[in-house]
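Q: Quick one, coords-v7.cif (mmCIF, N, CA and C atoms):
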```
data_query
#
loop_
_atom_site.label_atom_id
_atom_site.label_comp_id
_atom_site.auth_asym_id
_atom_site.auth_seq_id
_atom_site.Cartn_x
_atom_site.Cartn_y
_atom_site.Cartn_z
N GLN Q 26 -11.94 -16.57 -4.77
CA GLN Q 26 -11.99 -15.12 -4.93
C GLN Q 26 -10.78 -14.51 -4.25
N VAL Q 27 -10.14 -13.60 -4.98
CA VAL Q 27 -8.96 -12.94 -4.43
C VAL Q 27 -9.38 -11.98 -3.34
N GLN Q 28 -8.61 -11.98 -2.26
CA GLN Q 28 -8.85 -11.04 -1.17
C GLN Q 28 -7.55 -10.39 -0.75
N LEU Q 29 -7.66 -9.13 -0.36
CA LEU Q 29 -6.53 -8.39 0.17
C LEU Q 29 -6.89 -7.92 1.57
N VAL Q 30 -6.02 -8.18 2.53
CA VAL Q 30 -6.29 -7.79 3.91
C VAL Q 30 -5.10 -6.98 4.42
N GLU Q 31 -5.39 -5.72 4.76
CA GLU Q 31 -4.35 -4.84 5.28
C GLU Q 31 -4.32 -4.91 6.81
N SER Q 32 -3.16 -4.60 7.34
CA SER Q 32 -3.00 -4.47 8.79
C SER Q 32 -1.81 -3.56 9.06
N GLY Q 33 -1.69 -3.15 10.31
CA GLY Q 33 -0.53 -2.36 10.71
C GLY Q 33 -0.80 -0.89 10.91
N GLY Q 34 -1.99 -0.44 10.60
CA GLY Q 34 -2.30 0.97 10.82
C GLY Q 34 -2.44 1.27 12.30
N GLY Q 35 -2.57 2.55 12.61
CA GLY Q 35 -2.74 2.94 14.00
C GLY Q 35 -2.41 4.39 14.20
N LEU Q 36 -2.25 4.75 15.47
CA LEU Q 36 -1.94 6.12 15.86
C LEU Q 36 -0.45 6.21 16.20
N VAL Q 37 0.21 7.19 15.62
CA VAL Q 37 1.63 7.37 15.85
C VAL Q 37 1.93 8.86 15.94
N GLN Q 38 2.95 9.20 16.69
CA GLN Q 38 3.33 10.60 16.80
C GLN Q 38 4.13 11.03 15.58
N SER Q 39 4.11 12.31 15.31
CA SER Q 39 4.89 12.86 14.22
C SER Q 39 6.36 12.47 14.37
N GLY Q 40 6.97 12.02 13.27
CA GLY Q 40 8.35 11.55 13.30
C GLY Q 40 8.48 10.07 13.51
N GLY Q 41 7.38 9.41 13.85
CA GLY Q 41 7.41 7.98 14.10
C GLY Q 41 7.32 7.16 12.83
N SER Q 42 7.27 5.84 13.02
CA SER Q 42 7.24 4.91 11.89
C SER Q 42 6.12 3.89 12.07
N LEU Q 43 5.66 3.39 10.95
CA LEU Q 43 4.70 2.29 10.92
C LEU Q 43 5.03 1.42 9.72
N ARG Q 44 4.70 0.13 9.84
CA ARG Q 44 4.81 -0.75 8.70
C ARG Q 44 3.46 -1.39 8.44
N LEU Q 45 2.94 -1.14 7.26
CA LEU Q 45 1.67 -1.74 6.85
C LEU Q 45 1.94 -3.05 6.11
N SER Q 46 1.02 -3.97 6.29
CA SER Q 46 1.11 -5.26 5.60
C SER Q 46 -0.17 -5.49 4.81
N CYS Q 47 -0.03 -6.18 3.70
CA CYS Q 47 -1.19 -6.56 2.88
C CYS Q 47 -1.00 -8.02 2.48
N VAL Q 48 -1.86 -8.86 3.00
CA VAL Q 48 -1.81 -10.28 2.66
C VAL Q 48 -2.81 -10.55 1.55
N ALA Q 49 -2.34 -11.18 0.49
CA ALA Q 49 -3.19 -11.49 -0.66
C ALA Q 49 -3.47 -12.98 -0.68
N SER Q 50 -4.74 -13.30 -0.75
CA SER Q 50 -5.11 -14.72 -0.82
C SER Q 50 -5.54 -15.06 -2.23
N ARG Q 51 -5.24 -16.28 -2.65
CA ARG Q 51 -5.64 -16.79 -3.96
C ARG Q 51 -5.17 -15.88 -5.08
N ILE Q 52 -3.93 -15.52 -5.02
CA ILE Q 52 -3.39 -14.63 -6.04
C ILE Q 52 -2.01 -15.12 -6.44
N ILE Q 53 -1.76 -15.08 -7.73
CA ILE Q 53 -0.41 -15.35 -8.19
C ILE Q 53 0.31 -14.01 -8.16
N PHE Q 54 1.03 -13.81 -7.08
CA PHE Q 54 1.52 -12.49 -6.72
C PHE Q 54 2.28 -11.80 -7.82
N ASN Q 55 3.09 -12.55 -8.52
CA ASN Q 55 3.95 -11.88 -9.49
C ASN Q 55 3.28 -11.69 -10.85
N LEU Q 56 1.96 -11.88 -10.92
CA LEU Q 56 1.23 -11.55 -12.14
C LEU Q 56 0.39 -10.29 -11.95
N TYR Q 57 0.62 -9.62 -10.84
CA TYR Q 57 -0.14 -8.42 -10.55
C TYR Q 57 0.81 -7.26 -10.26
N THR Q 58 0.36 -6.06 -10.59
CA THR Q 58 1.00 -4.86 -10.08
C THR Q 58 0.30 -4.54 -8.76
N MET Q 59 1.09 -4.53 -7.70
CA MET Q 59 0.57 -4.28 -6.36
C MET Q 59 0.86 -2.84 -5.98
N GLY Q 60 -0.07 -2.26 -5.25
CA GLY Q 60 0.15 -0.87 -4.87
C GLY Q 60 -0.50 -0.51 -3.55
N TRP Q 61 0.00 0.55 -2.98
CA TRP Q 61 -0.60 1.19 -1.81
C TRP Q 61 -1.15 2.54 -2.24
N TYR Q 62 -2.37 2.79 -1.84
CA TYR Q 62 -3.03 4.07 -2.07
C TYR Q 62 -3.45 4.61 -0.71
N ARG Q 63 -3.74 5.90 -0.68
CA ARG Q 63 -4.27 6.48 0.54
C ARG Q 63 -5.33 7.52 0.20
N GLN Q 64 -6.23 7.70 1.15
CA GLN Q 64 -7.28 8.69 0.98
C GLN Q 64 -7.47 9.40 2.30
N ALA Q 65 -7.15 10.68 2.29
CA ALA Q 65 -7.38 11.52 3.46
C ALA Q 65 -8.81 12.05 3.42
N ALA Q 66 -9.31 12.45 4.56
CA ALA Q 66 -10.68 12.94 4.66
C ALA Q 66 -10.89 14.13 3.72
N GLY Q 67 -11.91 14.04 2.89
CA GLY Q 67 -12.24 15.12 1.98
C GLY Q 67 -11.37 15.21 0.75
N LYS Q 68 -10.49 14.23 0.56
CA LYS Q 68 -9.58 14.27 -0.59
C LYS Q 68 -9.74 13.01 -1.43
N GLN Q 69 -9.22 13.08 -2.66
CA GLN Q 69 -9.28 11.94 -3.55
C GLN Q 69 -8.23 10.90 -3.16
N ARG Q 70 -8.51 9.68 -3.52
CA ARG Q 70 -7.55 8.61 -3.28
C ARG Q 70 -6.34 8.84 -4.19
N GLU Q 71 -5.16 8.63 -3.63
CA GLU Q 71 -3.94 8.86 -4.40
C GLU Q 71 -2.99 7.68 -4.26
N LEU Q 72 -2.20 7.47 -5.30
CA LEU Q 72 -1.21 6.41 -5.27
C LEU Q 72 -0.06 6.81 -4.37
N VAL Q 73 0.34 5.90 -3.50
CA VAL Q 73 1.49 6.10 -2.64
C VAL Q 73 2.73 5.44 -3.26
N ALA Q 74 2.60 4.17 -3.59
CA ALA Q 74 3.71 3.42 -4.16
C ALA Q 74 3.17 2.17 -4.83
N SER Q 75 3.94 1.65 -5.78
CA SER Q 75 3.54 0.43 -6.46
C SER Q 75 4.76 -0.43 -6.76
N VAL Q 76 4.50 -1.72 -6.92
CA VAL Q 76 5.57 -2.64 -7.30
C VAL Q 76 5.03 -3.56 -8.39
N LYS Q 77 5.72 -3.61 -9.52
CA LYS Q 77 5.28 -4.42 -10.65
C LYS Q 77 5.71 -5.87 -10.48
N TYR Q 78 5.19 -6.72 -11.35
CA TYR Q 78 5.55 -8.14 -11.29
C TYR Q 78 7.06 -8.32 -11.42
N SER Q 79 7.69 -7.39 -12.13
CA SER Q 79 9.14 -7.48 -12.34
C SER Q 79 9.93 -7.11 -11.09
N GLY Q 80 9.25 -6.48 -10.14
CA GLY Q 80 9.93 -6.01 -8.94
C GLY Q 80 10.25 -4.54 -8.96
N SER Q 81 10.06 -3.89 -10.10
CA SER Q 81 10.33 -2.46 -10.17
C SER Q 81 9.29 -1.69 -9.37
N THR Q 82 9.74 -0.63 -8.73
CA THR Q 82 8.88 0.15 -7.84
C THR Q 82 8.72 1.58 -8.34
N ALA Q 83 7.65 2.20 -7.90
CA ALA Q 83 7.39 3.59 -8.21
C ALA Q 83 6.77 4.25 -7.00
N TYR Q 84 7.05 5.53 -6.81
CA TYR Q 84 6.56 6.25 -5.65
C TYR Q 84 5.98 7.59 -6.06
N GLU Q 85 5.03 8.05 -5.26
CA GLU Q 85 4.60 9.44 -5.35
C GLU Q 85 5.84 10.27 -4.99
N ASP Q 86 6.11 11.27 -5.80
CA ASP Q 86 7.38 12.00 -5.66
C ASP Q 86 7.65 12.51 -4.25
N SER Q 87 6.64 13.07 -3.62
CA SER Q 87 6.86 13.70 -2.32
C SER Q 87 7.13 12.69 -1.21
N LEU Q 88 6.91 11.41 -1.48
CA LEU Q 88 7.08 10.39 -0.45
C LEU Q 88 8.39 9.63 -0.58
N LYS Q 89 9.09 9.85 -1.68
CA LYS Q 89 10.36 9.16 -1.88
C LYS Q 89 11.30 9.48 -0.74
N GLY Q 90 11.97 8.44 -0.25
CA GLY Q 90 12.91 8.61 0.84
C GLY Q 90 12.31 8.39 2.21
N ARG Q 91 11.00 8.54 2.33
CA ARG Q 91 10.35 8.30 3.62
C ARG Q 91 9.59 6.97 3.63
N PHE Q 92 9.02 6.62 2.49
CA PHE Q 92 8.22 5.40 2.38
C PHE Q 92 8.96 4.38 1.51
N ALA Q 93 8.77 3.11 1.82
CA ALA Q 93 9.39 2.05 1.04
C ALA Q 93 8.41 0.89 0.88
N ILE Q 94 8.21 0.49 -0.37
CA ILE Q 94 7.31 -0.63 -0.66
C ILE Q 94 8.16 -1.88 -0.90
N SER Q 95 7.66 -2.99 -0.45
CA SER Q 95 8.36 -4.26 -0.67
C SER Q 95 7.33 -5.39 -0.69
N ARG Q 96 7.77 -6.55 -1.08
CA ARG Q 96 6.87 -7.69 -1.11
C ARG Q 96 7.65 -8.96 -0.80
N ASP Q 97 6.95 -9.92 -0.27
CA ASP Q 97 7.49 -11.25 -0.03
C ASP Q 97 6.58 -12.21 -0.79
N ILE Q 98 7.02 -12.61 -1.98
CA ILE Q 98 6.17 -13.42 -2.84
C ILE Q 98 5.82 -14.75 -2.17
N ALA Q 99 6.76 -15.34 -1.46
CA ALA Q 99 6.51 -16.63 -0.81
C ALA Q 99 5.40 -16.51 0.22
N LYS Q 100 5.27 -15.35 0.84
CA LYS Q 100 4.23 -15.13 1.84
C LYS Q 100 3.02 -14.42 1.26
N SER Q 101 3.05 -14.12 -0.03
CA SER Q 101 1.95 -13.37 -0.67
C SER Q 101 1.62 -12.11 0.12
N THR Q 102 2.64 -11.43 0.56
CA THR Q 102 2.47 -10.25 1.40
C THR Q 102 3.24 -9.08 0.84
N MET Q 103 2.61 -7.93 0.87
CA MET Q 103 3.23 -6.68 0.46
C MET Q 103 3.32 -5.78 1.69
N TYR Q 104 4.35 -4.97 1.72
CA TYR Q 104 4.57 -4.10 2.88
C TYR Q 104 4.73 -2.65 2.44
N LEU Q 105 4.45 -1.76 3.37
CA LEU Q 105 4.77 -0.35 3.18
C LEU Q 105 5.41 0.13 4.48
N GLN Q 106 6.69 0.39 4.42
CA GLN Q 106 7.41 0.95 5.56
C GLN Q 106 7.32 2.45 5.47
N MET Q 107 6.80 3.06 6.52
CA MET Q 107 6.61 4.50 6.53
C MET Q 107 7.42 5.10 7.67
N ASN Q 108 8.35 5.96 7.33
CA ASN Q 108 9.22 6.59 8.32
C ASN Q 108 9.02 8.09 8.33
N SER Q 109 9.47 8.72 9.39
CA SER Q 109 9.38 10.17 9.53
C SER Q 109 7.97 10.66 9.21
N LEU Q 110 7.00 10.02 9.80
CA LEU Q 110 5.61 10.33 9.50
C LEU Q 110 5.24 11.73 9.92
N LYS Q 111 4.34 12.32 9.13
CA LYS Q 111 3.88 13.69 9.35
C LYS Q 111 2.37 13.67 9.51
N PRO Q 112 1.82 14.68 10.16
CA PRO Q 112 0.35 14.73 10.29
C PRO Q 112 -0.37 14.66 8.94
N GLU Q 113 0.23 15.19 7.91
CA GLU Q 113 -0.40 15.15 6.59
C GLU Q 113 -0.40 13.76 5.96
N ASP Q 114 0.26 12.81 6.58
CA ASP Q 114 0.21 11.41 6.13
C ASP Q 114 -1.04 10.70 6.67
N THR Q 115 -1.77 11.38 7.54
CA THR Q 115 -2.99 10.79 8.08
C THR Q 115 -3.98 10.49 6.97
N ALA Q 116 -4.42 9.25 6.90
CA ALA Q 116 -5.32 8.82 5.83
C ALA Q 116 -5.68 7.36 6.06
N VAL Q 117 -6.65 6.89 5.29
CA VAL Q 117 -6.89 5.46 5.18
C VAL Q 117 -6.00 4.94 4.06
N TYR Q 118 -5.25 3.91 4.36
CA TYR Q 118 -4.32 3.33 3.39
C TYR Q 118 -4.92 2.03 2.85
N TYR Q 119 -4.92 1.93 1.52
CA TYR Q 119 -5.54 0.79 0.85
C TYR Q 119 -4.51 0.01 0.06
N CYS Q 120 -4.65 -1.28 0.10
CA CYS Q 120 -3.86 -2.19 -0.72
C CYS Q 120 -4.63 -2.44 -2.02
N ASN Q 121 -3.90 -2.52 -3.12
CA ASN Q 121 -4.54 -2.72 -4.42
C ASN Q 121 -3.73 -3.72 -5.25
N ALA Q 122 -4.46 -4.52 -6.02
CA ALA Q 122 -3.82 -5.46 -6.94
C ALA Q 122 -4.47 -5.31 -8.31
N LYS Q 123 -3.66 -5.02 -9.30
CA LYS Q 123 -4.15 -4.89 -10.67
C LYS Q 123 -3.51 -5.98 -11.50
N SER Q 124 -4.36 -6.78 -12.15
CA SER Q 124 -3.83 -7.86 -12.97
C SER Q 124 -3.10 -7.29 -14.17
N ASP Q 125 -2.00 -7.90 -14.51
CA ASP Q 125 -1.26 -7.52 -15.72
C ASP Q 125 -1.76 -8.31 -16.93
N VAL Q 126 -2.76 -9.17 -16.71
CA VAL Q 126 -3.26 -10.02 -17.79
C VAL Q 126 -4.73 -9.70 -18.11
N THR Q 127 -5.52 -9.46 -17.07
CA THR Q 127 -6.95 -9.16 -17.27
C THR Q 127 -7.25 -7.76 -16.76
N ALA Q 128 -8.53 -7.44 -16.67
CA ALA Q 128 -8.95 -6.13 -16.15
C ALA Q 128 -9.21 -6.17 -14.65
N GLU Q 129 -8.79 -7.22 -14.01
CA GLU Q 129 -9.05 -7.39 -12.59
C GLU Q 129 -8.37 -6.29 -11.77
N ASP Q 130 -9.13 -5.71 -10.86
CA ASP Q 130 -8.66 -4.60 -10.04
C ASP Q 130 -9.26 -4.78 -8.66
N ILE Q 131 -8.43 -5.13 -7.69
CA ILE Q 131 -8.92 -5.57 -6.38
C ILE Q 131 -8.43 -4.61 -5.30
N TRP Q 132 -9.32 -4.34 -4.35
CA TRP Q 132 -8.99 -3.43 -3.25
C TRP Q 132 -9.18 -4.13 -1.91
N GLY Q 133 -8.33 -3.76 -0.97
CA GLY Q 133 -8.52 -4.19 0.40
C GLY Q 133 -9.50 -3.25 1.08
N GLN Q 134 -9.76 -3.53 2.35
CA GLN Q 134 -10.76 -2.76 3.09
C GLN Q 134 -10.18 -1.48 3.66
N GLY Q 135 -8.87 -1.35 3.67
CA GLY Q 135 -8.23 -0.15 4.17
C GLY Q 135 -7.84 -0.26 5.63
N THR Q 136 -6.80 0.49 5.98
CA THR Q 136 -6.36 0.56 7.38
C THR Q 136 -6.04 2.02 7.70
N GLN Q 137 -6.53 2.47 8.84
CA GLN Q 137 -6.39 3.87 9.21
C GLN Q 137 -5.01 4.15 9.78
N VAL Q 138 -4.39 5.19 9.28
CA VAL Q 138 -3.13 5.70 9.84
C VAL Q 138 -3.38 7.13 10.30
N THR Q 139 -3.11 7.38 11.56
CA THR Q 139 -3.28 8.71 12.13
C THR Q 139 -1.97 9.15 12.74
N VAL Q 140 -1.51 10.31 12.29
CA VAL Q 140 -0.25 10.85 12.79
C VAL Q 140 -0.56 12.12 13.59
N SER Q 141 -0.23 12.10 14.85
CA SER Q 141 -0.50 13.25 15.72
C SER Q 141 0.70 14.19 15.75
N SER Q 142 0.40 15.47 15.89
CA SER Q 142 1.48 16.47 15.90
C SER Q 142 2.03 16.67 17.31
#
```
Would you kindly transcribe this structure into structure tokens?
A:
Amino acid sequence: QVQLVESGGGLVQSGGSLRLSCVASRIIFNLYTMGWYRQAAGKQRELVASVKYSGSTAYEDSLKGRFAISRDIAKSTMYLQMNSLKPEDTAVYYCNAKSDVTAEDIWGQGTQVTVSS
């Protein structure tokens, strides 16, 4: 069974940086579109960034330039580098894997990111 495990969340001051990691087990990494989503309290879950099997990336427009998604296929790990963090970035961040072949859609358990002002 495929599993996604996030890490790297925590408390950071406004303007600081964090790097989230998502380790995928039992997954052929480059056959999935991988993504980071976030959900703030009382709000809907939203896409932060994604990376396709081809390596092409996409970002939520307002986050371009501050956030960067990357992956290390050999380590089956995806990353989200978050810079210049703002209090409004506070949310639970989730790792997601969507199969490009089947309807498989997998979520991690989430990691809390809190940005203090």
Q: If we count only N, CA and C atoms, what is near Val73 of chain Q at a cut-off of 5 Å, once residues fewer than 5 positions away on the same chain are taken out, given as an NGL selection string?
A: :Q and (61-63 or 84-85)
Q: Under the PyMOL selection byres ((chain Q and resi 92-105) around 7), which residues of this model are included? Write them out as number ranges by chain.
A: Q: 43-50, 54-55, 74-76, 88-91, 106-108
Q: As a PyMOL selection string, please: the residues near segment 109-124 of chain Q (cut-off 8 Å, only C-alpha atoms, same-chain neighbours under 4 positions excluded).
A: chain Q and resi 29-31+38-42+47+56-66+91+128-142
Q: Could you write out the selected residues, including N, CA and C atoms, as a short mmCIF file (atom, residue, chain, number, x, y, z; two decimals), keeping the file's coordinate frame?
A:
```cif
data_model
loop_
_atom_site.label_atom_id
_atom_site.label_comp_id
_atom_site.auth_asym_id
_atom_site.auth_seq_id
_atom_site.Cartn_x
_atom_site.Cartn_y
_atom_site.Cartn_z
N LEU Q 29 -7.66 -9.13 -0.36
CA LEU Q 29 -6.53 -8.39 0.17
C LEU Q 29 -6.89 -7.92 1.57
N VAL Q 30 -6.02 -8.18 2.53
CA VAL Q 30 -6.29 -7.79 3.91
C VAL Q 30 -5.10 -6.98 4.42
N GLU Q 31 -5.39 -5.72 4.76
CA GLU Q 31 -4.35 -4.84 5.28
C GLU Q 31 -4.32 -4.91 6.81
N GLN Q 38 2.95 9.20 16.69
CA GLN Q 38 3.33 10.60 16.80
C GLN Q 38 4.13 11.03 15.58
N SER Q 39 4.11 12.31 15.31
CA SER Q 39 4.89 12.86 14.22
C SER Q 39 6.36 12.47 14.37
N GLY Q 40 6.97 12.02 13.27
CA GLY Q 40 8.35 11.55 13.30
C GLY Q 40 8.48 10.07 13.51
N GLY Q 41 7.38 9.41 13.85
CA GLY Q 41 7.41 7.98 14.10
C GLY Q 41 7.32 7.16 12.83
N SER Q 42 7.27 5.84 13.02
CA SER Q 42 7.24 4.91 11.89
C SER Q 42 6.12 3.89 12.07
N CYS Q 47 -0.03 -6.18 3.70
CA CYS Q 47 -1.19 -6.56 2.88
C CYS Q 47 -1.00 -8.02 2.48
N LEU Q 56 1.96 -11.88 -10.92
CA LEU Q 56 1.23 -11.55 -12.14
C LEU Q 56 0.39 -10.29 -11.95
N TYR Q 57 0.62 -9.62 -10.84
CA TYR Q 57 -0.14 -8.42 -10.55
C TYR Q 57 0.81 -7.26 -10.26
N THR Q 58 0.36 -6.06 -10.59
CA THR Q 58 1.00 -4.86 -10.08
C THR Q 58 0.30 -4.54 -8.76
N MET Q 59 1.09 -4.53 -7.70
CA MET Q 59 0.57 -4.28 -6.36
C MET Q 59 0.86 -2.84 -5.98
N GLY Q 60 -0.07 -2.26 -5.25
CA GLY Q 60 0.15 -0.87 -4.87
C GLY Q 60 -0.50 -0.51 -3.55
N TRP Q 61 0.00 0.55 -2.98
CA TRP Q 61 -0.60 1.19 -1.81
C TRP Q 61 -1.15 2.54 -2.24
N TYR Q 62 -2.37 2.79 -1.84
CA TYR Q 62 -3.03 4.07 -2.07
C TYR Q 62 -3.45 4.61 -0.71
N ARG Q 63 -3.74 5.90 -0.68
CA ARG Q 63 -4.27 6.48 0.54
C ARG Q 63 -5.33 7.52 0.20
N GLN Q 64 -6.23 7.70 1.15
CA GLN Q 64 -7.28 8.69 0.98
C GLN Q 64 -7.47 9.40 2.30
N ALA Q 65 -7.15 10.68 2.29
CA ALA Q 65 -7.38 11.52 3.46
C ALA Q 65 -8.81 12.05 3.42
N ALA Q 66 -9.31 12.45 4.56
CA ALA Q 66 -10.68 12.94 4.66
C ALA Q 66 -10.89 14.13 3.72
N ARG Q 91 11.00 8.54 2.33
CA ARG Q 91 10.35 8.30 3.62
C ARG Q 91 9.59 6.97 3.63
N ALA Q 128 -8.53 -7.44 -16.67
CA ALA Q 128 -8.95 -6.13 -16.15
C ALA Q 128 -9.21 -6.17 -14.65
N GLU Q 129 -8.79 -7.22 -14.01
CA GLU Q 129 -9.05 -7.39 -12.59
C GLU Q 129 -8.37 -6.29 -11.77
N ASP Q 130 -9.13 -5.71 -10.86
CA ASP Q 130 -8.66 -4.60 -10.04
C ASP Q 130 -9.26 -4.78 -8.66
N ILE Q 131 -8.43 -5.13 -7.69
CA ILE Q 131 -8.92 -5.57 -6.38
C ILE Q 131 -8.43 -4.61 -5.30
N TRP Q 132 -9.32 -4.34 -4.35
CA TRP Q 132 -8.99 -3.43 -3.25
C TRP Q 132 -9.18 -4.13 -1.91
N GLY Q 133 -8.33 -3.76 -0.97
CA GLY Q 133 -8.52 -4.19 0.40
C GLY Q 133 -9.50 -3.25 1.08
N GLN Q 134 -9.76 -3.53 2.35
CA GLN Q 134 -10.76 -2.76 3.09
C GLN Q 134 -10.18 -1.48 3.66
N GLY Q 135 -8.87 -1.35 3.67
CA GLY Q 135 -8.23 -0.15 4.17
C GLY Q 135 -7.84 -0.26 5.63
N THR Q 136 -6.80 0.49 5.98
CA THR Q 136 -6.36 0.56 7.38
C THR Q 136 -6.04 2.02 7.70
N GLN Q 137 -6.53 2.47 8.84
CA GLN Q 137 -6.39 3.87 9.21
C GLN Q 137 -5.01 4.15 9.78
N VAL Q 138 -4.39 5.19 9.28
CA VAL Q 138 -3.13 5.70 9.84
C VAL Q 138 -3.38 7.13 10.30
N THR Q 139 -3.11 7.38 11.56
CA THR Q 139 -3.28 8.71 12.13
C THR Q 139 -1.97 9.15 12.74
N VAL Q 140 -1.51 10.31 12.29
CA VAL Q 140 -0.25 10.85 12.79
C VAL Q 140 -0.56 12.12 13.59
N SER Q 141 -0.23 12.10 14.85
CA SER Q 141 -0.50 13.25 15.72
C SER Q 141 0.70 14.19 15.75
N SER Q 142 0.40 15.47 15.89
CA SER Q 142 1.48 16.47 15.90
C SER Q 142 2.03 16.67 17.31
#
```
Q: In Å, rounded to a single decimal, give me how far atom N of Ile53 of chain Q is from atom CA of Thr127 of chain Q.
A: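 Straight-line distance from atom CA of Thr127 of chain Q to atom N of Ile53 of chain Q works out to 12.4 Å.
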Q: Could you pull out the helix (DSSP H, G or I) residues of segment 42-142 of chain Q from DSSP and send them as a VMD selection string?
A: chain Q and resid 54 to 56 86 to 88 98 to 100 112 to 114
Q: In Å, with one decimal, what is the gap from atom CA of Gln28 of chain Q to atom N of Arg51 of chain Q?
A: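 Separation of atom CA of Gln28 of chain Q and atom N of Arg51 of chain Q: 6.5 Å.
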Q: Atom CA of Asp125 of chain Q to atom CA of Arg70 of chain Q: how many Å, to one decimal?
A: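 About the pair atom CA of Asp125 of chain Q and atom CA of Arg70 of chain Q: they are 21.3 Å apart.
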Q: Where does DSSP see strand (DSSP E) in chain Q, if you list the residues as a PyMOL selection string?
A: chain Q and resi 28-32+35-38+43-50+57-64+71-76+82-84+92-97+102-107+116-124+130-132+136-141
